[in-house]
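Printed here is entry_15.cif (mmCIF, C-alpha atoms):
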```
data_model
loop_
_atom_site.label_atom_id
_atom_site.label_comp_id
_atom_site.auth_asym_id
_atom_site.auth_seq_id
_atom_site.Cartn_x
_atom_site.Cartn_y
_atom_site.Cartn_z
CA GLY H 1 72.33 29.52 -19.61
CA LYS H 2 69.45 27.28 -18.45
CA TYR H 3 71.33 26.33 -15.30
CA TYR H 4 68.25 26.51 -13.08
CA GLU H 5 64.49 26.74 -13.14
CA LYS H 6 63.07 30.20 -12.42
CA ASN H 7 59.68 31.07 -10.99
CA PHE H 8 59.25 34.54 -12.52
CA PHE H 9 62.31 36.77 -12.88
CA GLU H 10 65.80 35.39 -13.47
CA CYS H 11 66.74 36.59 -9.99
CA GLN H 12 64.10 34.26 -8.52
CA PRO H 13 65.33 30.66 -8.90
CA ALA H 14 62.71 28.08 -8.03
CA LEU H 15 63.30 25.86 -5.03
CA ASN H 16 63.36 22.17 -5.84
CA TYR H 17 59.91 20.85 -5.02
CA GLY H 18 60.34 18.31 -7.80
CA PHE H 19 58.55 17.50 -11.03
CA ALA H 20 55.19 15.77 -11.20
CA HIS H 21 56.24 14.02 -14.43
CA PRO H 22 60.04 14.02 -14.72
CA ASP H 23 61.49 13.74 -18.22
CA PRO H 24 63.82 10.69 -18.25
CA SER H 25 66.12 12.52 -20.66
CA HIS H 26 66.54 15.32 -18.08
CA PRO H 27 68.27 13.71 -15.09
CA TRP H 28 67.96 16.91 -13.08
CA GLU H 29 64.16 16.60 -13.06
CA GLN H 30 63.57 14.78 -9.77
CA PRO H 31 60.22 13.31 -8.72
CA VAL H 32 58.48 14.96 -5.78
CA THR H 33 59.33 11.92 -3.64
CA ALA H 34 63.11 12.25 -4.20
CA PRO H 35 65.34 13.15 -1.22
CA GLY H 36 66.01 16.68 -2.51
CA PRO H 37 62.37 17.80 -2.88
CA GLN H 38 61.48 16.13 0.42
CA ALA H 39 64.31 17.98 2.17
CA VAL H 40 63.00 21.27 0.75
CA ARG H 41 59.57 20.55 2.27
CA ARG H 42 61.09 19.84 5.67
CA GLU H 43 63.16 23.01 5.58
CA MET H 44 60.16 25.10 4.50
CA LYS H 45 58.27 23.82 7.54
CA ASN H 46 61.25 24.78 9.69
CA ILE H 47 61.17 28.32 8.27
CA MET H 48 57.41 28.61 8.77
CA ALA H 49 57.71 27.32 12.34
CA PHE H 50 60.42 29.89 13.09
CA TRP H 51 58.04 32.72 12.18
CA PHE H 52 54.95 31.16 13.71
CA ASP H 53 56.90 30.88 16.97
CA LYS H 54 57.64 34.59 16.69
CA GLY H 55 53.89 35.23 16.73
CA ILE H 56 53.00 35.94 13.12
CA ASP H 57 49.46 35.08 12.09
CA GLY H 58 50.19 33.32 8.82
CA PHE H 59 51.64 33.40 5.34
CA ARG H 60 50.40 34.84 2.07
CA VAL H 61 51.93 32.62 -0.61
CA ASP H 62 52.87 34.25 -3.92
CA MET H 63 52.38 32.10 -7.04
CA ALA H 64 51.19 29.27 -4.80
CA SER H 65 50.34 26.95 -7.68
CA SER H 66 53.80 27.16 -9.27
CA LEU H 67 56.00 25.12 -6.93
CA VAL H 68 55.86 21.65 -8.45
CA LYS H 69 56.90 21.73 -12.10
CA ASN H 70 55.31 19.92 -15.04
CA ASP H 71 52.17 19.37 -13.00
CA PRO H 72 49.08 19.39 -15.24
CA GLY H 73 45.91 19.76 -13.22
CA LYS H 74 48.04 20.93 -10.24
CA LYS H 75 47.62 17.53 -8.60
CA GLU H 76 51.06 17.31 -6.99
CA VAL H 77 51.16 20.92 -5.84
CA SER H 78 47.72 20.39 -4.28
CA LYS H 79 49.09 17.38 -2.39
CA LEU H 80 52.02 19.53 -1.28
CA TRP H 81 49.80 22.24 0.17
CA ASN H 82 47.45 19.76 1.82
CA GLU H 83 50.52 18.31 3.55
CA MET H 84 51.56 21.81 4.67
CA ARG H 85 48.01 22.57 5.87
CA ALA H 86 47.80 19.36 7.90
CA TRP H 87 51.16 20.15 9.51
CA LYS H 88 50.10 23.75 10.25
CA ASP H 89 46.74 22.71 11.72
CA ARG H 90 48.46 20.16 13.93
CA HIS H 91 51.11 22.51 15.31
CA TYR H 92 49.74 26.02 14.70
CA PRO H 93 45.93 25.76 14.37
CA GLN H 94 45.48 29.48 15.09
CA CYS H 95 47.49 30.49 12.00
CA VAL H 96 46.36 30.98 8.42
CA LEU H 97 47.56 30.11 4.91
CA ILE H 98 46.51 32.53 2.16
CA SER H 99 47.19 31.81 -1.51
CA GLU H 100 47.71 33.94 -4.54
CA TRP H 101 46.21 31.23 -6.74
CA SER H 102 43.12 33.08 -7.96
CA ASP H 103 41.14 29.90 -8.35
CA PRO H 104 39.43 29.34 -5.00
CA ALA H 105 37.65 26.17 -6.11
CA VAL H 106 41.09 24.59 -6.57
CA ALA H 107 43.22 26.44 -4.01
CA ILE H 108 40.96 26.01 -0.99
CA PRO H 109 40.49 22.23 -1.38
CA ALA H 110 44.27 22.15 -1.92
CA GLY H 111 44.75 23.27 1.67
CA PHE H 112 44.54 27.05 1.85
CA ASN H 113 42.28 28.81 4.33
CA ILE H 114 41.84 31.77 1.95
CA ASP H 115 42.41 32.34 -1.76
CA PHE H 116 42.43 35.64 -3.61
CA MET H 117 40.02 36.16 -6.50
CA ILE H 118 42.01 38.72 -8.46
CA HIS H 119 42.96 39.86 -11.95
CA PHE H 120 44.25 36.53 -13.23
CA GLY H 121 43.04 32.97 -12.77
CA ILE H 122 39.30 32.40 -13.10
CA LYS H 123 37.38 35.16 -14.78
CA GLY H 124 35.24 37.54 -12.80
CA TYR H 125 37.14 40.22 -10.95
CA PRO H 126 38.64 41.89 -14.08
CA SER H 127 35.21 42.50 -15.60
CA LEU H 128 34.26 44.46 -12.48
CA PHE H 129 37.20 46.84 -12.21
CA PHE H 130 39.18 46.65 -15.46
CA ASP H 131 38.01 47.55 -18.94
CA ARG H 132 38.83 45.22 -21.80
CA ASN H 133 41.02 45.70 -24.87
CA THR H 134 43.34 48.31 -23.34
CA PRO H 135 46.96 47.79 -22.31
CA ASN H 136 46.43 49.00 -18.75
CA GLY H 137 42.88 47.82 -18.30
CA ARG H 138 41.35 51.28 -18.54
CA PRO H 139 40.65 53.99 -21.13
CA TRP H 140 42.54 57.23 -20.79
CA GLU H 141 41.57 60.70 -21.86
CA GLY H 142 41.75 61.03 -25.63
CA GLN H 143 42.04 57.29 -26.26
CA ASP H 144 40.16 56.00 -29.29
CA ILE H 145 37.57 53.48 -28.11
CA SER H 146 36.46 51.06 -30.82
CA LYS H 147 33.05 49.43 -31.04
CA GLU H 148 34.63 46.27 -29.62
CA TYR H 149 35.58 48.08 -26.45
CA LYS H 150 33.98 46.76 -23.23
CA PHE H 151 33.71 48.85 -20.09
CA CYS H 152 34.18 47.46 -16.61
CA TYR H 153 31.24 47.42 -14.24
CA PHE H 154 32.56 50.02 -11.78
CA ASP H 155 32.62 52.84 -14.31
CA LYS H 156 30.24 55.78 -14.36
CA ALA H 157 29.57 55.10 -18.05
CA GLY H 158 27.26 52.33 -16.84
CA LYS H 159 28.11 49.99 -19.72
CA GLY H 160 29.52 47.09 -17.74
CA GLU H 161 28.16 43.63 -17.05
CA VAL H 162 27.89 41.44 -13.95
CA LYS H 163 27.15 38.01 -15.46
CA GLU H 164 30.77 36.88 -15.76
CA PHE H 165 31.57 37.84 -12.19
CA VAL H 166 28.33 36.54 -10.67
CA ASP H 167 28.47 33.18 -12.44
CA ASN H 168 32.10 32.53 -11.55
CA PHE H 169 31.92 33.87 -8.03
CA THR H 170 28.75 31.90 -7.26
CA ALA H 171 30.29 28.67 -8.52
CA ALA H 172 33.49 29.20 -6.51
CA PHE H 173 31.58 30.33 -3.41
CA ASN H 174 29.28 27.31 -3.40
CA ARG H 175 32.21 24.91 -3.80
CA THR H 176 34.30 26.41 -1.01
CA LYS H 177 32.03 28.00 1.61
CA GLN H 178 32.31 25.03 3.97
CA LEU H 179 36.08 24.74 3.47
CA GLY H 180 37.55 28.25 3.47
CA TYR H 181 37.14 31.81 2.30
CA ILE H 182 37.37 33.77 -0.93
CA ALA H 183 39.11 37.15 -0.68
CA ILE H 184 38.31 39.98 -3.09
CA PRO H 185 41.02 42.59 -2.46
CA THR H 186 40.67 46.28 -3.25
CA ALA H 187 43.99 45.99 -5.13
CA ASN H 188 47.44 44.51 -4.67
CA HIS H 189 51.03 45.13 -5.70
CA ASP H 190 50.41 43.58 -9.13
CA PHE H 191 47.41 45.55 -10.39
CA GLN H 192 45.87 48.97 -10.35
CA ARG H 193 44.13 50.68 -7.47
CA PRO H 194 40.42 51.59 -7.59
CA ASN H 195 41.42 55.28 -7.96
CA ILE H 196 42.49 55.18 -11.57
CA GLY H 197 41.71 57.02 -14.78
CA MET H 198 38.08 58.10 -14.81
CA ARG H 199 37.16 56.37 -11.52
CA ASN H 200 38.74 58.91 -9.25
CA THR H 201 36.13 60.74 -7.16
CA MET H 202 35.37 60.02 -3.52
CA ASP H 203 31.75 59.13 -4.26
CA GLN H 204 32.84 56.57 -6.86
CA LEU H 205 35.37 55.08 -4.46
CA LYS H 206 32.77 54.85 -1.67
CA VAL H 207 30.53 52.80 -3.96
CA ALA H 208 33.43 50.46 -4.71
CA MET H 209 34.34 50.16 -1.02
CA THR H 210 30.73 49.27 -0.18
CA PHE H 211 31.08 46.30 -2.50
CA PHE H 212 34.44 45.20 -1.11
CA LEU H 213 33.28 45.26 2.52
CA THR H 214 29.86 43.62 2.11
CA MET H 215 30.88 40.55 0.12
CA PRO H 216 31.37 37.18 1.87
CA GLY H 217 34.81 35.83 2.58
CA VAL H 218 37.70 37.87 3.98
CA PRO H 219 38.11 41.47 2.79
CA PHE H 220 41.61 42.77 2.12
CA ILE H 221 42.21 46.52 1.87
CA TYR H 222 45.43 47.27 0.03
CA TYR H 223 47.26 49.99 1.93
CA GLY H 224 46.11 53.47 0.95
CA ASP H 225 42.91 52.42 -0.81
CA GLU H 226 41.04 53.46 2.34
CA ILE H 227 42.08 57.07 1.62
CA GLY H 228 41.75 56.83 -2.16
CA MET H 229 45.43 56.80 -3.08
CA LYS H 230 45.97 57.04 -6.83
CA TYR H 231 47.36 54.57 -9.28
CA GLN H 232 50.10 56.77 -10.71
CA MET H 233 50.75 56.50 -14.44
CA ASN H 234 54.11 56.39 -16.22
CA LEU H 235 56.40 55.84 -13.24
CA PRO H 236 59.89 54.41 -13.86
CA THR H 237 60.42 50.69 -13.53
CA LYS H 238 62.22 49.55 -10.38
CA GLU H 239 62.99 45.97 -9.45
CA GLY H 240 60.84 44.67 -12.30
CA SER H 241 57.79 46.75 -11.39
CA ASN H 242 56.98 47.79 -14.98
CA GLU H 243 53.39 49.13 -15.14
CA ARG H 244 52.85 47.93 -11.57
CA ALA H 245 54.98 50.78 -10.23
CA GLY H 246 51.96 53.09 -9.97
CA THR H 247 50.42 50.89 -7.27
CA ARG H 248 53.59 50.66 -5.16
CA THR H 249 53.99 54.28 -4.08
CA PRO H 250 54.57 55.18 -0.40
CA MET H 251 51.70 55.33 2.07
CA GLN H 252 50.41 58.89 2.45
CA TRP H 253 50.06 59.87 6.09
CA THR H 254 50.34 63.65 6.16
CA ALA H 255 50.64 66.63 3.86
CA GLY H 256 54.11 67.50 2.62
CA PRO H 257 56.61 66.46 -0.05
CA THR H 258 57.10 62.93 1.37
CA ALA H 259 53.57 62.51 2.81
CA GLY H 260 54.93 61.66 6.23
CA PHE H 261 56.34 58.38 4.94
CA SER H 262 59.97 59.40 5.39
CA THR H 263 62.18 62.27 6.47
CA CYS H 264 64.33 61.84 3.34
CA GLU H 265 64.55 64.30 0.49
CA PRO H 266 61.58 63.79 -1.89
CA ALA H 267 63.87 62.68 -4.71
CA GLN H 268 65.09 59.82 -2.52
CA LEU H 269 61.65 58.22 -2.18
CA TYR H 270 61.39 54.84 -3.87
CA PHE H 271 58.44 56.19 -5.89
CA PRO H 272 56.82 59.65 -5.68
CA VAL H 273 53.70 60.53 -3.72
CA ASP H 274 50.63 62.41 -4.95
CA THR H 275 48.43 63.67 -2.12
CA GLU H 276 46.43 66.25 -4.14
CA ASP H 277 47.65 69.02 -1.86
CA GLY H 278 47.17 66.93 1.26
CA LYS H 279 43.63 65.67 0.53
CA LEU H 280 44.65 62.05 -0.02
CA THR H 281 46.22 61.60 3.41
CA VAL H 282 45.21 59.95 6.66
CA GLU H 283 45.73 63.24 8.49
CA ALA H 284 43.21 65.15 6.38
CA GLN H 285 40.61 62.39 6.18
CA GLU H 286 40.57 61.64 9.89
CA LYS H 287 39.35 65.23 10.40
CA ASP H 288 36.61 64.95 7.76
CA PRO H 289 33.52 62.96 8.86
CA ASN H 290 32.53 62.50 5.20
CA SER H 291 35.91 61.18 4.05
CA LEU H 292 36.51 57.86 2.36
CA LEU H 293 38.58 56.79 5.37
CA ASN H 294 35.73 57.35 7.83
CA PHE H 295 33.22 55.77 5.43
CA THR H 296 35.47 52.69 5.23
CA ARG H 297 35.69 52.55 9.01
CA GLU H 298 31.89 52.68 9.21
CA LEU H 299 31.61 49.77 6.78
CA VAL H 300 34.08 47.76 8.87
CA ARG H 301 32.02 48.43 12.02
CA LEU H 302 28.87 47.44 10.14
CA ARG H 303 30.46 44.20 8.99
CA HIS H 304 31.40 43.26 12.54
CA ALA H 305 28.00 44.23 13.95
CA HIS H 306 25.78 42.19 11.60
CA SER H 307 26.08 38.42 11.32
CA ALA H 308 24.66 38.48 7.78
CA LEU H 309 27.73 40.46 6.68
CA HIS H 310 30.25 38.12 8.28
CA GLY H 311 32.66 36.16 6.16
CA ASN H 312 30.63 32.96 6.28
CA GLY H 313 27.21 34.51 5.58
CA GLU H 314 25.29 33.31 2.54
CA TRP H 315 25.31 35.34 -0.69
CA GLU H 316 22.80 35.52 -3.52
CA LEU H 317 22.24 37.94 -6.39
CA VAL H 318 18.59 39.07 -6.25
CA SER H 319 18.66 41.52 -9.16
CA LYS H 320 18.78 40.33 -12.76
CA GLU H 321 22.05 39.56 -14.52
CA SER H 322 20.46 40.92 -17.69
CA GLN H 323 19.96 44.28 -15.96
CA PRO H 324 23.42 44.98 -14.51
CA TYR H 325 22.64 48.30 -12.85
CA PRO H 326 22.02 48.22 -9.97
CA MET H 327 23.68 45.05 -8.68
CA VAL H 328 21.62 43.91 -5.70
CA TYR H 329 22.60 40.97 -3.53
CA LYS H 330 21.29 39.40 -0.36
CA ARG H 331 23.42 38.35 2.62
CA THR H 332 21.94 36.03 5.25
CA ALA H 333 23.19 34.44 8.48
CA GLY H 334 22.02 33.95 12.05
CA GLY H 335 18.40 34.69 11.18
CA GLU H 336 19.37 38.09 9.76
CA THR H 337 18.96 39.33 6.17
CA VAL H 338 20.84 42.27 4.69
CA VAL H 339 20.41 43.62 1.16
CA VAL H 340 23.21 45.51 -0.61
CA ALA H 341 22.53 47.66 -3.68
CA ILE H 342 25.36 49.02 -5.84
CA ASN H 343 25.09 51.65 -8.59
CA PRO H 344 28.45 52.94 -9.87
CA SER H 345 26.85 54.44 -12.97
CA ALA H 346 26.18 58.15 -13.51
CA ARG H 347 22.45 57.64 -13.99
CA LYS H 348 19.46 56.88 -11.78
CA VAL H 349 18.56 53.17 -11.77
CA SER H 350 16.07 50.86 -10.10
CA ALA H 351 15.57 47.14 -9.61
CA ARG H 352 12.59 45.00 -8.72
CA ILE H 353 13.60 42.09 -6.52
CA PRO H 354 11.64 39.28 -4.83
CA HIS H 355 9.65 40.42 -1.80
CA LEU H 356 11.84 40.23 1.29
CA GLY H 357 9.99 42.55 3.65
CA LYS H 358 10.32 46.03 5.05
CA ALA H 359 13.81 47.41 5.29
CA ARG H 360 15.75 50.12 7.06
CA PRO H 361 19.03 51.59 5.85
CA LEU H 362 22.21 50.71 7.72
CA CYS H 363 24.69 52.62 5.59
CA MET H 364 24.51 54.70 2.43
CA THR H 365 26.52 56.80 0.02
CA GLY H 366 24.55 58.91 -2.41
CA GLU H 367 20.78 58.37 -2.29
CA ALA H 368 18.70 55.20 -2.30
CA THR H 369 15.23 54.02 -1.29
CA TYR H 370 13.75 50.59 -0.58
CA LYS H 371 10.00 50.11 -1.12
CA THR H 372 7.98 46.97 -0.48
CA GLY H 373 5.11 45.87 -2.68
CA GLY H 374 2.87 42.97 -3.59
CA LYS H 375 4.76 42.11 -6.76
CA GLY H 376 8.17 42.46 -5.18
CA ASP H 377 10.34 45.06 -3.53
CA VAL H 378 11.77 47.99 -5.47
CA ILE H 379 15.13 49.64 -4.87
CA ASN H 380 15.84 53.03 -6.42
CA LEU H 381 19.33 54.51 -6.49
CA LYS H 382 20.48 57.86 -7.75
CA ALA H 383 23.69 58.19 -9.74
CA ILE H 384 26.87 56.81 -8.11
CA SER H 385 25.15 55.46 -5.01
CA ALA H 386 25.26 52.39 -2.81
CA ALA H 387 23.21 51.31 0.18
CA VAL H 388 23.05 48.56 2.78
CA PHE H 389 19.57 47.70 4.10
CA LYS H 390 18.47 45.40 6.90
CA ILE H 391 15.21 43.50 6.47
CA ILE H 392 13.24 44.14 9.64
CA GLU H 393 9.92 42.29 9.07
#
```
Write out the structure in this file as structure tokens.
Amino acid sequence: GKYYEKNFFECQPALNYGFAHPDPSHPWEQPVTAPGPQAVRREMKNIMAFWFDKGIDGFRVDMASSLVKNDPGKKEVSKLWNEMRAWKDRHYPQCVLISEWSDPAVAIPAGFNIDFMIHFGIKGYPSLFFDRNTPNGRPWEGQDISKEYKFCYFDKAGKGEVKEFVDNFTAAFNRTKQLGYIAIPTANHDFQRPNIGMRNTMDQLKVAMTFFLTMPGVPFIYYGDEIGMKYQMNLPTKEGSNERAGTRTPMQWTAGPTAGFSTCEPAQLYFPVDTEDGKLTVEAQEKDPNSLLNFTRELVRLRHAHSALHGNGEWELVSKESQPYPMVYKRTAGGETVVVAINPSARKVSARIPHLGKARPLCMTGEATYKTGGKGDVINLKAISAAVFKIIE
């Protein structure tokens, strides 16, 4: 009946933050300076303060750019969030604001400490993890793949590209690195997990996790990705989940019909679990020194231990965009240099990079070597491999 503005679903009416350019013929469209929108801002601060006083660390803001309506260029919503940020920094400087904006070069100057670079917004992330021209972002067994089909980068077919991601990430990183942080999550509730379709082996997932935990910014691990939980196909829609249902299944702690998530009957679970006979559980992987869980923990320890891998370390691609495999990038900070080499393809690859010096491996999955030479250093990686090297002289 058009009785209210919605933000996404009809059950989600938008709060009245006002309109940047009210239509005079629509008297309900109030400017952002009107008493109603201003009262909403004050009440939102009250709600945030209530939870900050309880000890929470911050807020992750869904659809952060959507609040002010009819706002081309997002000028008024940027003013809104800068106001919120100034208030937060004044009263709760230890807390954080994280946006689901997916345009860090806009969201971070607008007041957020962190912005997600995900599957919508500026281009980049989708070309790494999602194939093009398919309804679900990936090819499935038996699907006809036309000549126009484009593979994602993290696919063992080795037909992906890095230029789109590198160009867009570099531009966003350089514009925001003194202001805040970009977050590249392993997944989220809106898009598929890394374990999907034909990217479903532990060695493939270790390569992907190496990337996630060696990039600058703030890493976010979506629950269960550290044990390789699957994106489950063809689940029923609940609460508007649609194709997103497969990413919203219960956390898998132990073997059993409910994976230790609940003591209910399996049929009562919100969505089903799929542990592959207990293999994709915390319980099993904690006992296996070669598991994805323990590999992820090692990467986290490595990130904390080396200043070059910290969130504010510099980042530079040192391999060639025209030769996507392997992707080799350099991280530097505090007088330390670390080189990361990624090869998700099912073939042996090598890259010649500028001479950086002798190196020693810090962490590896698969097999890789780093050789120094007069005309540059050479990194060789076997199929489905990734390595982190520290330059030592």
Could you list, as a count of residues only, every residue within 10 Å of stretch 186-199 of chain H, counting all atoms listed in the file and ignoring same-chain residues fewer than 3 positions away? 50
At a cut-off of 12 Å, can you tabulate as a tab-separated table every residue of stretch 179-289 of chain H near stretch 89-96 of chain H together with its closest atom pair and the distance in Å to one decimal, using only C-alpha atoms and ordering rows by chain then number?
```
residue	atom	partner	partner_atom	distance
H:Gly180	CA	H:Val96	CA	10.5
H:Tyr181	CA	H:Val96	CA	11.1
H:Val218	CA	H:Val96	CA	11.9
```
Counting only C-alpha atoms, what is within 8 Å of stretch 267-276 of chain H, bar same-chain residues fewer than 3 positions away, as a PDB file with C-alpha atoms, in the frame of the given file?
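Wrote result_13.pdb, looks like this:
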```
ATOM      1  CA  MET H 229      45.430  56.800  -3.080  1.00  0.00           C
ATOM      2  CA  LYS H 230      45.970  57.040  -6.830  1.00  0.00           C
ATOM      3  CA  LEU H 235      56.400  55.840 -13.240  1.00  0.00           C
ATOM      4  CA  ALA H 245      54.980  50.780 -10.230  1.00  0.00           C
ATOM      5  CA  ARG H 248      53.590  50.660  -5.160  1.00  0.00           C
ATOM      6  CA  THR H 249      53.990  54.280  -4.080  1.00  0.00           C
ATOM      7  CA  PRO H 250      54.570  55.180  -0.400  1.00  0.00           C
ATOM      8  CA  GLN H 252      50.410  58.890   2.450  1.00  0.00           C
ATOM      9  CA  ALA H 255      50.640  66.630   3.860  1.00  0.00           C
ATOM     10  CA  PRO H 257      56.610  66.460  -0.050  1.00  0.00           C
ATOM     11  CA  THR H 258      57.100  62.930   1.370  1.00  0.00           C
ATOM     12  CA  ALA H 259      53.570  62.510   2.810  1.00  0.00           C
ATOM     13  CA  SER H 262      59.970  59.400   5.390  1.00  0.00           C
ATOM     14  CA  CYS H 264      64.330  61.840   3.340  1.00  0.00           C
ATOM     15  CA  LYS H 279      43.630  65.670   0.530  1.00  0.00           C
ATOM     16  CA  LEU H 280      44.650  62.050  -0.020  1.00  0.00           C
ATOM     17  CA  THR H 281      46.220  61.600   3.410  1.00  0.00           C
TER      18      THR H 281
END
```
Taking into account all atoms listed in the file, which residue in the set H:Cys363, H:Val106, H:Val318, H:Val338 is nearest to H:Gly376? H:Val318
When you draw a straight line from atom CA of H:Thr263 to atom CA of H:Leu293, how long is it in Å?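 Separation between atom CA of H:Thr263 and atom CA of H:Leu293: 24.3 Å.
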Expansion of the PyMOL selection byres ((chain H and resi 69) around 7) into residues, as an mmCIF file with C-alpha atoms, in the coordinates of the input:
```
data_model
loop_
_atom_site.group_PDB
_atom_site.id
_atom_site.type_symbol
_atom_site.label_atom_id
_atom_site.label_comp_id
_atom_site.auth_asym_id
_atom_site.auth_seq_id
_atom_site.Cartn_x
_atom_site.Cartn_y
_atom_site.Cartn_z
ATOM 1 C CA GLY H 18 60.340 18.310 -7.800
ATOM 2 C CA PHE H 19 58.550 17.500 -11.030
ATOM 3 C CA ALA H 20 55.190 15.770 -11.200
ATOM 4 C CA SER H 66 53.800 27.160 -9.270
ATOM 5 C CA LEU H 67 56.000 25.120 -6.930
ATOM 6 C CA VAL H 68 55.860 21.650 -8.450
ATOM 7 C CA ASN H 70 55.310 19.920 -15.040
ATOM 8 C CA ASP H 71 52.170 19.370 -13.000
#
```
Pick the closest to H:Val378 from H:Lys74, H:Arg352, H:Lys79, H:Lys320: which is it, counting only C-alpha atoms?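 Nearest candidate to H:Val378 out of H:Lys74, H:Arg352, H:Lys79, H:Lys320: H:Arg352.
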When you count all atoms listed in the file, which of these residues is closest to H:Gly158: H:Val388, H:Ala346, H:Ile47, H:Leu356?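 Checking each of H:Val388, H:Ala346, H:Ile47, H:Leu356 against H:Gly158, counting all atoms listed in the file, the winner is H:Ala346.
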Evaluate the PyMOL selection byres ((chain H and resi 170) around 12) and report residues as a list in words: Pro104, Ala105, Lys123, Gly124, Val162, Lys163, Glu164, Phe165, Val166, Asp167, Asn168, Phe169, Ala171, Ala172, Phe173, Asn174, Arg175, Thr176, Lys177, Ile182, Met215, Pro216, Glu314, Trp315, Glu316, Leu317 and Tyr329 of chain H
Which residue of H:Ala308, H:Ala107, H:Met63, H:Val282 approaches H:Phe8 most closely, using all atoms listed in the file: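 The answer is H:Met63, which sits nearest to H:Phe8.
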So, counting only C-alpha atoms, which residue among H:Ser25, H:Asn113, H:Thr214, H:Ser307 is closest to H:Val61?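 Closest to H:Val61, using only C-alpha atoms: H:Asn113.
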Pairwise distance for atom CA of H:Leu299 and atom CA of H:Val349, rounded to one decimal in Å: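 Pair atom CA of H:Leu299 / atom CA of H:Val349 returns 22.9 Å.
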To test your reading of the syntax: which residues would the PyMOL selection byres ((chain H and resi 367-375) around 12) return for the file shown? Reply as a ChimeraX atom specification. /H:203,207,326,328,339-343,347-366,376-393
To one decimal in Å, tell me the separation between atom CA of H:Gly111 and atom CA of H:Gly58.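 So the two atoms, atom CA of H:Gly111 and atom CA of H:Gly58, lie 13.5 Å apart.
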Could you complete stretch 248-259 of chain H so that it carries N, CA, C and O atoms, and give it back as a short mmCIF file (atom, residue, chain, number, x, y, z; two decimals), keeping the file's coordinate frame?
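Listed below is the output, result09.cif:
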```cif
data_model
loop_
_atom_site.label_atom_id
_atom_site.label_comp_id
_atom_site.auth_asym_id
_atom_site.auth_seq_id
_atom_site.Cartn_x
_atom_site.Cartn_y
_atom_site.Cartn_z
N ARG H 248 52.62 50.95 -6.22
CA ARG H 248 53.59 50.66 -5.16
C ARG H 248 54.17 51.92 -4.52
O ARG H 248 55.25 51.88 -3.93
N THR H 249 53.48 53.03 -4.62
CA THR H 249 53.99 54.28 -4.08
C THR H 249 53.83 54.32 -2.55
O THR H 249 53.02 53.58 -1.99
N PRO H 250 54.59 55.17 -1.86
CA PRO H 250 54.57 55.18 -0.40
C PRO H 250 53.20 55.55 0.19
O PRO H 250 52.46 56.34 -0.39
N MET H 251 52.92 54.99 1.35
CA MET H 251 51.70 55.33 2.07
C MET H 251 51.69 56.82 2.40
O MET H 251 52.73 57.40 2.77
N GLN H 252 50.53 57.44 2.29
CA GLN H 252 50.41 58.89 2.45
C GLN H 252 49.73 59.23 3.77
O GLN H 252 48.51 59.18 3.90
N TRP H 253 50.55 59.61 4.75
CA TRP H 253 50.06 59.87 6.09
C TRP H 253 49.69 61.33 6.32
O TRP H 253 48.64 61.62 6.90
N THR H 254 50.55 62.23 5.89
CA THR H 254 50.34 63.65 6.16
C THR H 254 50.64 64.47 4.92
O THR H 254 51.21 63.97 3.94
N ALA H 255 50.28 65.73 4.95
CA ALA H 255 50.64 66.63 3.86
C ALA H 255 52.16 66.84 3.86
O ALA H 255 52.83 66.64 4.86
N GLY H 256 52.68 67.25 2.71
CA GLY H 256 54.11 67.50 2.62
C GLY H 256 54.73 66.73 1.48
O GLY H 256 54.11 65.84 0.90
N PRO H 257 55.98 67.03 1.14
CA PRO H 257 56.61 66.46 -0.05
C PRO H 257 56.88 64.97 0.03
O PRO H 257 57.06 64.32 -1.00
N THR H 258 56.94 64.38 1.24
CA THR H 258 57.10 62.93 1.37
C THR H 258 55.91 62.28 2.06
O THR H 258 55.96 61.10 2.40
N ALA H 259 54.84 63.02 2.25
CA ALA H 259 53.57 62.51 2.81
C ALA H 259 53.73 61.83 4.16
O ALA H 259 52.94 60.96 4.51
#
```
